[in-house]
Amino acid sequence: MRAPSAADELPNAPAAARNQAPLTEALRRLLPEHGSVLEVASGTGQHAAHWAGRFPGLDWQPSDGDPEAMRAIEAWRRAADHPNLRAPQLLDVGDPDWPSQVDSPFAAVVCVNLLHISPWPTTEQLLAGCSRVLQPGALLIIYGPFAEHGVLTPESNVAFDRSLRSRDPAWGIRDLDAVRETASQHGLELEDQVAMPANNRVLVIRNVGADGG
């Protein structure tokens, strides 16, 4: 991937730039060497462009539910020019029918910073759908901040959660217990979590028994 110049005017999300290095290291330990990966909520597309270059054995499918994001992701795709980076797909994982809209099964699904900036039913549909689109034994990898057993720490996450809910009452930092319980209803098992900078976590969720939808 060539380094974008100022003339490229590529969309840039500061949060994506900050978490890219630690996320890449986590993905290096979790992703398979080969197969197709679905990235949901790709946003600007800068992660997709970076990871397609870092994991050349993987066929990377970026997607987002926002039509505006399609242009941003495509701009990064063209700048990166990686043969394994697919064109972006408009995909709303809050739609119960989303699994029928993708070319599955996938060797992994990656979801960064979606759960807390979407209504809880989006998380429910994401988990339900992943039981249908993931290969048996494959991973759903989720990144973001989480509460645990009803407790949200530290104070910076409490303030962030308050800010989210002031923007949209349906948003907010999710509790791990709720994610774990919902995942288990769909044959998905939360088998690990990895501490990340800025009080975030990577959740490692395995498809142990897809329910077939």
# chains A, B, ... in the order shown; residues from 1 in each chain; ligands from 1
>>> select_by_dssp(residues="region 30-123 of chain A", states="helix (DSSP H, G or I)", output="ChimeraX atom specification")
/A:30,46-54,67-80,98-101,115-117,120-123
>>> atom_distance(atom1="CA of Leu31 (chain A)", atom2="CA of Leu127 (chain A)")
18.4 Å
>>> residues_around(residues="Arg86 (chain A)", least_positions_apart="5", cutoff="10 Å", atoms="only C-alpha atoms", output="ChimeraX atom specification")
/A:48-49,52,59-63,74,77
>>> residues_around(residues="Leu190 (chain A)", least_positions_apart="4", cutoff="8 Å", atoms="only C-alpha atoms", output="PyMOL selection string")
chain A and resi 180+183-184+203-206
>>> write_last_selection(atoms="C-alpha atoms", output="PDB file, in the first residue's frame")
ATOM      1  CA  ARG A 180     -22.297 -13.466  26.153  1.00  0.00           C
ATOM      2  CA  ALA A 183     -24.214 -15.038  21.634  1.00  0.00           C
ATOM      3  CA  SER A 184     -24.856 -18.360  23.370  1.00  0.00           C
ATOM      4  CA  LEU A 203     -13.931 -10.058  22.326  1.00  0.00           C
ATOM      5  CA  VAL A 204     -13.115 -13.432  20.779  1.00  0.00           C
ATOM      6  CA  ILE A 205     -16.378 -15.227  19.968  1.00  0.00           C
ATOM      7  CA  ARG A 206     -16.320 -18.657  18.343  1.00  0.00           C
TER       8      ARG A 206
END
>>> residues_around(residues="Phe160 (chain A)", least_positions_apart="2", cutoff="12 Å", atoms="only C-alpha atoms", output="PyMOL selection string")
chain A and resi 116-117+144-147+152-158+162-167+171-173+198-200
>>> residues_around(residues="Leu134 (chain A)", least_positions_apart="6", cutoff="12 Å", atoms="only C-alpha atoms", output="ChimeraX atom specification")
/A:35-38,99,102-110,126-128,140-141,186-188,205-213
>>> write_last_selection(atoms="N, CA, C and O atoms", output="compact mmCIF listing (two decimals), in the first residue's frame")
# COMPACT_ATOMS: atom_id res chain seq x y z
N GLY A 35 -8.61 -17.49 3.62
CA GLY A 35 -10.06 -17.47 3.69
C GLY A 35 -10.61 -16.08 3.45
O GLY A 35 -9.87 -15.13 3.16
N SER A 36 -11.92 -15.96 3.56
CA SER A 36 -12.60 -14.68 3.37
C SER A 36 -13.00 -14.11 4.72
O SER A 36 -13.49 -14.84 5.59
N VAL A 37 -12.79 -12.80 4.88
CA VAL A 37 -13.13 -12.11 6.12
C VAL A 37 -14.14 -11.02 5.80
O VAL A 37 -13.95 -10.22 4.88
N LEU A 38 -15.21 -10.97 6.58
CA LEU A 38 -16.19 -9.90 6.48
C LEU A 38 -15.90 -8.89 7.58
O LEU A 38 -15.88 -9.24 8.76
N PRO A 99 -27.70 -11.79 6.56
CA PRO A 99 -26.88 -12.92 6.13
C PRO A 99 -27.12 -13.35 4.69
O PRO A 99 -26.21 -13.86 4.02
N VAL A 102 -24.81 -11.52 1.84
CA VAL A 102 -23.35 -11.65 1.74
C VAL A 102 -22.99 -13.01 1.17
O VAL A 102 -23.76 -13.96 1.21
N ASP A 103 -21.77 -13.07 0.64
CA ASP A 103 -21.25 -14.29 0.03
C ASP A 103 -20.53 -15.10 1.10
O ASP A 103 -19.31 -15.02 1.25
N SER A 104 -21.28 -15.85 1.88
CA SER A 104 -20.70 -16.62 2.99
C SER A 104 -20.55 -18.09 2.57
O SER A 104 -21.03 -18.49 1.51
N PRO A 105 -19.86 -18.91 3.38
CA PRO A 105 -19.42 -18.64 4.74
C PRO A 105 -18.07 -17.93 4.79
O PRO A 105 -17.29 -17.97 3.83
N PHE A 106 -17.82 -17.29 5.94
CA PHE A 106 -16.58 -16.55 6.15
C PHE A 106 -15.68 -17.25 7.15
O PHE A 106 -16.16 -17.93 8.07
N ALA A 107 -14.38 -17.05 6.97
CA ALA A 107 -13.41 -17.61 7.91
C ALA A 107 -13.31 -16.76 9.17
O ALA A 107 -12.76 -17.22 10.18
N ALA A 108 -13.82 -15.53 9.13
CA ALA A 108 -13.85 -14.65 10.30
C ALA A 108 -14.74 -13.45 9.98
O ALA A 108 -14.92 -13.09 8.81
N VAL A 109 -15.29 -12.86 11.03
CA VAL A 109 -16.01 -11.58 10.94
C VAL A 109 -15.35 -10.63 11.92
O VAL A 109 -15.10 -11.00 13.08
N VAL A 110 -15.06 -9.41 11.48
CA VAL A 110 -14.42 -8.40 12.32
C VAL A 110 -15.37 -7.21 12.46
O VAL A 110 -15.90 -6.72 11.46
N LEU A 126 -26.54 -8.85 14.74
CA LEU A 126 -25.16 -9.18 14.37
C LEU A 126 -24.82 -10.59 14.83
O LEU A 126 -24.30 -11.41 14.07
N LEU A 127 -25.11 -10.88 16.09
CA LEU A 127 -24.78 -12.19 16.65
C LEU A 127 -25.61 -13.30 16.00
O LEU A 127 -25.07 -14.36 15.66
N ALA A 128 -26.88 -13.05 15.82
CA ALA A 128 -27.73 -14.05 15.17
C ALA A 128 -27.24 -14.34 13.76
O ALA A 128 -27.17 -15.50 13.33
N LEU A 140 -15.85 -14.56 15.44
CA LEU A 140 -16.33 -13.19 15.38
C LEU A 140 -15.46 -12.40 16.34
O LEU A 140 -15.38 -12.72 17.53
N ILE A 141 -14.80 -11.36 15.83
CA ILE A 141 -13.87 -10.56 16.63
C ILE A 141 -14.46 -9.16 16.76
O ILE A 141 -14.64 -8.45 15.77
N HIS A 186 -27.25 -18.32 20.04
CA HIS A 186 -27.08 -18.54 18.60
C HIS A 186 -25.87 -19.43 18.29
O HIS A 186 -25.32 -19.39 17.20
N GLY A 187 -25.46 -20.23 19.26
CA GLY A 187 -24.36 -21.16 19.02
C GLY A 187 -23.00 -20.50 18.95
O GLY A 187 -22.07 -21.05 18.35
N LEU A 188 -22.88 -19.33 19.57
CA LEU A 188 -21.61 -18.61 19.61
C LEU A 188 -21.11 -18.55 21.05
O LEU A 188 -21.89 -18.33 21.97
N ILE A 205 -15.14 -14.45 19.91
CA ILE A 205 -16.38 -15.23 19.97
C ILE A 205 -16.34 -16.29 18.88
O ILE A 205 -16.21 -15.98 17.70
N ARG A 206 -16.46 -17.55 19.29
CA ARG A 206 -16.32 -18.66 18.34
C ARG A 206 -17.68 -19.24 17.97
O ARG A 206 -18.57 -19.39 18.82
N ASN A 207 -17.82 -19.59 16.70
CA ASN A 207 -19.03 -20.26 16.23
C ASN A 207 -18.90 -21.75 16.55
O ASN A 207 -18.28 -22.51 15.81
N VAL A 208 -19.50 -22.15 17.66
CA VAL A 208 -19.36 -23.53 18.12
C VAL A 208 -20.53 -24.41 17.68
O VAL A 208 -20.48 -25.63 17.81
N GLY A 209 -21.59 -23.80 17.18
CA GLY A 209 -22.72 -24.60 16.76
C GLY A 209 -23.79 -23.72 16.13
O GLY A 209 -24.74 -23.31 16.80
N ALA A 210 -23.61 -23.41 14.85
CA ALA A 210 -24.52 -22.48 14.17
C ALA A 210 -25.93 -23.01 14.23
O ALA A 210 -26.19 -24.21 14.04
N ASP A 211 -26.88 -22.07 14.46
CA ASP A 211 -28.28 -22.51 14.59
C ASP A 211 -28.99 -22.59 13.26
O ASP A 211 -30.14 -23.00 13.18
N GLY A 212 -28.32 -22.12 12.20
CA GLY A 212 -28.90 -22.23 10.87
C GLY A 212 -29.97 -21.22 10.56
O GLY A 212 -30.57 -21.23 9.51
N GLY A 213 -30.20 -20.25 11.52
CA GLY A 213 -31.16 -19.20 11.27
C GLY A 213 -32.58 -19.65 11.31
O GLY A 213 -33.47 -19.01 10.82
>>> select_by_dssp(residues="chain A", states="strand (DSSP E)", output="NGL selection string")
:A and (35-40 or 58-64 or 89-90 or 106-112 or 134-144 or 146-147 or 174-175 or 188-196 or 200-207)
>>> residues_around(residues="Gly57 (chain A)", least_positions_apart="4", cutoff="8 Å", atoms="only C-alpha atoms", output="ChimeraX atom specification")
/A:33-35,84
>>> write_last_selection(atoms="C-alpha atoms", output="compact mmCIF listing (two decimals), in the first residue's frame")
# COMPACT_ATOMS: atom_id res chain seq x y z
CA GLU A 33 -3.90 -17.41 7.20
CA HIS A 34 -6.37 -17.96 4.38
CA GLY A 35 -10.06 -17.47 3.69
CA ASN A 84 -7.44 -9.12 -1.96
>>> closest_residue(among="A:Asn12, A:Ser100, A:Gln20, A:Thr122", to="Tyr143 (chain A)", atoms="only C-alpha atoms")
A:Gln20
>>> closest_residue(among="A:Val133, A:Thr123, A:Leu23, A:Val194", to="Glu181 (chain A)", atoms="only C-alpha atoms")
A:Thr123
>>> closest_residue(among="A:Gln89, A:Thr182, A:Ser131, A:Gln46", to="Pro14 (chain A)", atoms="only C-alpha atoms")
A:Gln46
>>> atom_distance(atom1="CA of Arg78 (chain A)", atom2="CA of Leu10 (chain A)")
10.4 Å
>>> closest_residue(among="A:Val112, A:Ala80, A:Val151, A:Ile73", to="Asp175 (chain A)", atoms="only C-alpha atoms")
A:Val151
>>> atom_distance(atom1="CA of Ala87 (chain A)", atom2="CA of Ala21 (chain A)")
23.4 Å
>>> decode(residues="region 12-26 of chain A", atoms="all heavy atoms", output="compact mmCIF listing (two decimals), in the first residue's frame")
# COMPACT_ATOMS: atom_id res chain seq x y z
N ASN A 12 -10.36 10.22 7.11
CA ASN A 12 -9.52 9.74 8.20
C ASN A 12 -10.25 9.89 9.52
O ASN A 12 -10.64 10.99 9.90
CB ASN A 12 -8.19 10.50 8.23
CG ASN A 12 -7.20 9.89 9.21
OD1 ASN A 12 -7.36 10.03 10.42
ND2 ASN A 12 -6.20 9.22 8.69
N ALA A 13 -10.44 8.77 10.21
CA ALA A 13 -11.05 8.79 11.54
C ALA A 13 -9.94 8.70 12.58
O ALA A 13 -9.18 7.73 12.59
CB ALA A 13 -12.01 7.61 11.70
N PRO A 14 -9.79 9.71 13.44
CA PRO A 14 -8.71 9.68 14.44
C PRO A 14 -8.71 8.43 15.30
O PRO A 14 -7.66 7.88 15.61
CB PRO A 14 -8.98 10.94 15.27
CG PRO A 14 -9.70 11.86 14.33
CD PRO A 14 -10.55 10.97 13.48
N ALA A 15 -9.90 7.95 15.69
CA ALA A 15 -9.97 6.73 16.53
C ALA A 15 -9.40 5.53 15.79
O ALA A 15 -8.70 4.70 16.37
CB ALA A 15 -11.41 6.47 16.95
N ALA A 16 -9.69 5.44 14.49
CA ALA A 16 -9.18 4.32 13.70
C ALA A 16 -7.66 4.38 13.60
O ALA A 16 -6.98 3.36 13.64
CB ALA A 16 -9.81 4.33 12.32
N ALA A 17 -7.14 5.59 13.47
CA ALA A 17 -5.69 5.74 13.40
C ALA A 17 -5.03 5.34 14.71
O ALA A 17 -3.96 4.71 14.72
CB ALA A 17 -5.33 7.19 13.04
N ARG A 18 -5.68 5.66 15.84
CA ARG A 18 -5.11 5.34 17.15
C ARG A 18 -5.14 3.85 17.43
O ARG A 18 -4.19 3.30 18.01
CB ARG A 18 -5.87 6.09 18.25
CG ARG A 18 -5.62 7.58 18.30
CD ARG A 18 -6.16 8.17 19.60
NE ARG A 18 -7.59 7.97 19.76
CZ ARG A 18 -8.52 8.82 19.33
NH1 ARG A 18 -8.16 9.93 18.70
NH2 ARG A 18 -9.81 8.57 19.53
N ASN A 19 -6.22 3.18 17.07
CA ASN A 19 -6.33 1.77 17.49
C ASN A 19 -5.79 0.79 16.45
O ASN A 19 -5.77 -0.41 16.69
CB ASN A 19 -7.78 1.42 17.85
CG ASN A 19 -8.75 1.53 16.68
OD1 ASN A 19 -8.43 1.22 15.55
ND2 ASN A 19 -9.98 1.95 16.98
N GLN A 20 -5.33 1.31 15.32
CA GLN A 20 -4.94 0.42 14.22
C GLN A 20 -3.79 -0.52 14.59
O GLN A 20 -3.86 -1.72 14.32
CB GLN A 20 -4.56 1.25 13.00
CG GLN A 20 -4.25 0.42 11.77
CD GLN A 20 -4.26 1.27 10.51
OE1 GLN A 20 -5.29 1.44 9.90
NE2 GLN A 20 -3.11 1.80 10.15
N ALA A 21 -2.74 0.02 15.22
CA ALA A 21 -1.59 -0.82 15.55
C ALA A 21 -1.93 -1.92 16.56
O ALA A 21 -1.62 -3.09 16.33
CB ALA A 21 -0.43 0.05 16.04
N PRO A 22 -2.55 -1.60 17.71
CA PRO A 22 -2.87 -2.68 18.66
C PRO A 22 -3.89 -3.67 18.10
O PRO A 22 -3.81 -4.87 18.38
CB PRO A 22 -3.42 -1.94 19.89
CG PRO A 22 -3.79 -0.58 19.40
CD PRO A 22 -2.86 -0.27 18.29
N LEU A 23 -4.83 -3.19 17.29
CA LEU A 23 -5.79 -4.11 16.69
C LEU A 23 -5.11 -5.03 15.69
O LEU A 23 -5.43 -6.22 15.62
CB LEU A 23 -6.90 -3.32 15.99
CG LEU A 23 -8.15 -3.03 16.83
CD1 LEU A 23 -9.09 -2.09 16.09
CD2 LEU A 23 -8.87 -4.32 17.18
N THR A 24 -4.18 -4.50 14.92
CA THR A 24 -3.46 -5.33 13.96
C THR A 24 -2.71 -6.44 14.66
O THR A 24 -2.70 -7.59 14.21
CB THR A 24 -2.50 -4.47 13.12
OG1 THR A 24 -3.24 -3.46 12.43
CG2 THR A 24 -1.74 -5.32 12.11
N GLU A 25 -2.10 -6.12 15.80
CA GLU A 25 -1.37 -7.13 16.55
C GLU A 25 -2.31 -8.21 17.07
O GLU A 25 -2.00 -9.41 17.03
CB GLU A 25 -0.61 -6.48 17.71
CG GLU A 25 0.21 -7.45 18.54
CD GLU A 25 1.25 -8.20 17.72
OE1 GLU A 25 1.76 -7.66 16.72
OE2 GLU A 25 1.55 -9.37 18.09
N ALA A 26 -3.48 -7.79 17.55
CA ALA A 26 -4.46 -8.78 18.02
C ALA A 26 -4.96 -9.66 16.88
O ALA A 26 -5.06 -10.87 17.03
CB ALA A 26 -5.63 -8.05 18.69
